[in-house]
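**Q** I am attaching a structure below and will ask some questions about it afterwards.
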Amino acid sequence: MGIRTGAESEAPRHSSLFLAALLVVPCVCLGVAGCGAPGEPVPPSPPIPAAVNDLSARQVGNSVLLTFTPPNKSTLGERLEEMPTLEVLRGSVAEDGTPEAKSFRVVDTVPGTVLSSFVHEGKAQFPVPISAEEMRMSPVESVAYRIRTRVSERKASVESNTVTVNLHPVPEAIGEIDLKVTESGIQLKWTAPNSNSIGEPISGVKEYHVYRGELEAEPAGGATKDLSQAKWRLPLLPLATTVVPEYEDRGFDYGKTYAYVVRSGVAAVLPGSGAGSYVVDLSWAINVETDLAGYRVYRSESEGASGKLLTPDLLLTPAYRDTSVEGGHSYWYTVRAVDRAGNESGPSQTVAVEIAQPFR
């Protein structure tokens, strides 16, 4: 009995151990199976555009023209499938000339579909308007700009490099442009401005730049005056320079819809950083040649002479600030375009600038 009882007592003990093992194994298997089972699909993380690092800016009329290369890849090197949305940030500049980091605010948001119309040969040139009230409140003020881009609301790129611009009053915008189609071309006429952007009187404008772009189709109800709403087939590009407030475009095609823009002024004399000092801001129409490498600016102190080279390094944007001028002097400026082979074009039309003798 004792031996039988012992044998019987051992059997249930082994049986319970074996049963426990059987119970454990299915639990482990179920756990493993659960880990590998497909769950709810998770959408891929949206790409983050690479940061812009070549931002430049200059004042053009009542706008600040931002020039940069829109990113076409993400931070991981993946190609972006669409033009990203642009966010423009503006901030103030301290007395020592450094941007105030906490002052930057988003002042404009541009959808990628709109930004695309401002891109030509990989470069975006987007104008950020300056209101007359802003200019009237703070003429000759330095402001700072940065940009960032995004393809989703969740994450934006790192902010770009910072650029500063000295704002100054400019000739008021050209008003109505009268258009008339003739047998020989399209005649454009406009009224010369007689005041600047803050209402101060000015003498005659010495030069006008005419730009032309092609629209996809004429909008319902006639041509639009709001170019931000237009659908461009070809962007605005320089067409001509004229010294009188009129121009005849003879290089058009019938059956196409064109938009024209006229801008005045290519040189502005501004107060410098010190008392009695000055700077000269120059801007000119961009060269549209595909092999353009940059620009060179020359300055002479006698009319008709080629003068000395001011820019040993090629300028990549059509603007230059000359900080080495003096009061009581007259200067003559010319610009030459340079192609990728190093060949230099002929000189542009000469721009004369006379700087008054500082009051003592």
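Please note that chains go A, B, ... in the order of the structure tokens, that every chain numbers its residues from 1, and that ligands are numbered from 1 in the order shown.
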Please identify all polymer residues within 9 Å of range 43-47 of chain A, counting only C-alpha atoms, omitting same-chain residues fewer than 3 positions from it, and present them as a list in words.

**A**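 Final neighbour list, sorted by chain and number: Lys73, Ser74, Thr75, Leu76, Glu78, Leu80, Arg150, Val151, Ser152, Arg154 and Lys155 of chain A.
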
**Q** With a cut-off of 12 Å, could you pull out the residues of range 117-196 of chain A touching range 277-283 of chain A and give me the nearest pair of atoms for each, distance in Å to one decimal, using only C-alpha atoms, ordered by chain and ascending number, as a tab-separated table?

**A**
```
residue	atom	partner	partner_atom	distance
A:Val140	CA	A:Val279	CA	11.7
A:Val165	CA	A:Asp281	CA	11.0
A:Asn166	CA	A:Asp281	CA	9.8
A:Leu167	CA	A:Asp281	CA	10.8
A:His168	CA	A:Asp281	CA	10.2
A:Val170	CA	A:Asp281	CA	11.4
```

**Q** How would the residues just chosen look if you wrote them out with N, CA and C atoms as a compact mmCIF listing (two decimals), in the first residue's frame?

**A**
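Okay, again39.txt is ready:
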```
# COMPACT_ATOMS: atom_id res chain seq x y z
N VAL A 140 14.12 104.16 -44.35
CA VAL A 140 15.52 103.80 -44.19
C VAL A 140 15.71 102.90 -42.98
N VAL A 165 17.83 93.92 -45.19
CA VAL A 165 17.55 94.86 -46.27
C VAL A 165 17.28 96.23 -45.66
N ASN A 166 17.88 97.27 -46.24
CA ASN A 166 17.59 98.64 -45.83
C ASN A 166 16.46 99.17 -46.69
N LEU A 167 15.31 99.43 -46.09
CA LEU A 167 14.16 99.93 -46.82
C LEU A 167 14.28 101.44 -47.03
N HIS A 168 13.87 101.90 -48.20
CA HIS A 168 13.92 103.32 -48.49
C HIS A 168 12.78 103.67 -49.44
N VAL A 170 10.82 104.81 -52.65
CA VAL A 170 11.12 104.66 -54.07
C VAL A 170 10.03 105.36 -54.87
```

**Q** Check the smallest atom-to-atom distance from each of A:Ile147, A:Val114, A:Met83, A:Ala101 to Leu55 in chain A using only C-alpha atoms, then report the winner.

**A**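 Using only C-alpha atoms, Leu55 in chain A sits closest to A:Ile147.
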
**Q** Identify, with DSSP run on backbone atoms, the residues in range 69-234 of chain A assigned to strand (DSSP E), and express the list as a ChimeraX atom specification.

**A** /A:85-92,105-110,119-120,123-129,142-150,163-166,178-181,186-189,208-215,232-234

**Q** Env of Val205 in chain A: 10 Å cut, atoms = only C-alpha atoms, seq-sep filter 6 positions within chain, self excluded. Answer as an mmCIF file with N, CA and C atoms, in the first residue's frame.

**A**
```cif
data_model
loop_
_atom_site.group_PDB
_atom_site.id
_atom_site.type_symbol
_atom_site.label_atom_id
_atom_site.label_comp_id
_atom_site.auth_asym_id
_atom_site.auth_seq_id
_atom_site.Cartn_x
_atom_site.Cartn_y
_atom_site.Cartn_z
ATOM 1 N N PRO A 171 10.248 105.599 -56.156
ATOM 2 C CA PRO A 171 9.159 106.188 -56.956
ATOM 3 C C PRO A 171 7.887 105.365 -56.831
ATOM 4 N N ALA A 192 4.381 108.934 -66.033
ATOM 5 C CA ALA A 192 5.576 108.953 -65.196
ATOM 6 C C ALA A 192 5.210 109.337 -63.763
ATOM 7 N N PRO A 193 5.729 108.638 -62.764
ATOM 8 C CA PRO A 193 5.427 108.989 -61.367
ATOM 9 C C PRO A 193 6.070 110.320 -60.989
ATOM 10 N N ASN A 194 5.410 111.062 -60.120
ATOM 11 C CA ASN A 194 5.947 112.357 -59.682
ATOM 12 C C ASN A 194 6.156 112.429 -58.179
ATOM 13 N N VAL A 243 13.830 104.944 -71.731
ATOM 14 C CA VAL A 243 13.993 106.171 -70.936
ATOM 15 C C VAL A 243 12.750 107.046 -71.019
ATOM 16 N N VAL A 244 11.770 106.650 -71.818
ATOM 17 C CA VAL A 244 10.511 107.389 -71.930
ATOM 18 C C VAL A 244 9.379 106.494 -71.468
ATOM 19 N N PRO A 245 8.252 107.067 -71.013
ATOM 20 C CA PRO A 245 7.162 106.252 -70.460
ATOM 21 C C PRO A 245 6.283 105.600 -71.536
ATOM 22 N N SER A 264 10.134 101.383 -62.376
ATOM 23 C CA SER A 264 10.965 102.558 -62.584
ATOM 24 C C SER A 264 12.153 102.551 -61.640
ATOM 25 N N GLY A 265 13.254 103.185 -62.093
ATOM 26 C CA GLY A 265 14.412 103.391 -61.226
ATOM 27 C C GLY A 265 15.383 102.244 -61.215
ATOM 28 N N VAL A 266 16.696 102.544 -61.308
ATOM 29 C CA VAL A 266 17.730 101.522 -61.212
ATOM 30 C C VAL A 266 18.814 101.902 -60.222
#
```

**Q** Run DSSP on the backbone of this structure and report the residues of range 118-255 of chain A it assigns to alpha helix (DSSP H), as a PyMOL selection string.

**A** chain A and resi 132-137

**Q** Measuring between only C-alpha atoms, which one of A:Tyr295, A:Phe126, A:Tyr258, A:Phe104 shows the shortest distance to Lys231 in chain A?

**A** A:Tyr258

**Q** Pick from A:Ser306, A:Thr69, A:Thr182, A:Thr242: nearest to Tyr331 in chain A, with only C-alpha atoms counted?

**A**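 Of A:Ser306, A:Thr69, A:Thr182, A:Thr242, the one nearest Tyr331 in chain A, counting only C-alpha atoms, is A:Ser306.
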
**Q** Select, from A:Val351, A:Met135, A:Ala356, A:Val297, the residue with the minimum atom-to-atom distance to Glu326 in chain A, counting only C-alpha atoms.

**A**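 Among the listed residues, the smallest separation from Glu326 in chain A belongs to A:Ala356.
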
**Q** Excluding same-chain residues fewer than 2 positions from Tyr254 in chain A, what lies within 12 Å of it counting only C-alpha atoms, as number ranges by chain?

**A** A: 181-186, 214, 250-252, 256-258

**Q** Name the residues in contact with Ser56 in chain A at a cut-off of 7 Å, using only C-alpha atoms, excluding same-chain residues fewer than 5 positions from it; report them as an MDAnalysis selection string.

**A** chainID A and resid 66:68 163

**Q** Compare A:Val119, A:Ala144, A:Val338, A:Ile174 by their minimum atom-to-atom distance to Asp291 in chain A, counting only C-alpha atoms, and give me the closest one.

**A** A:Val338
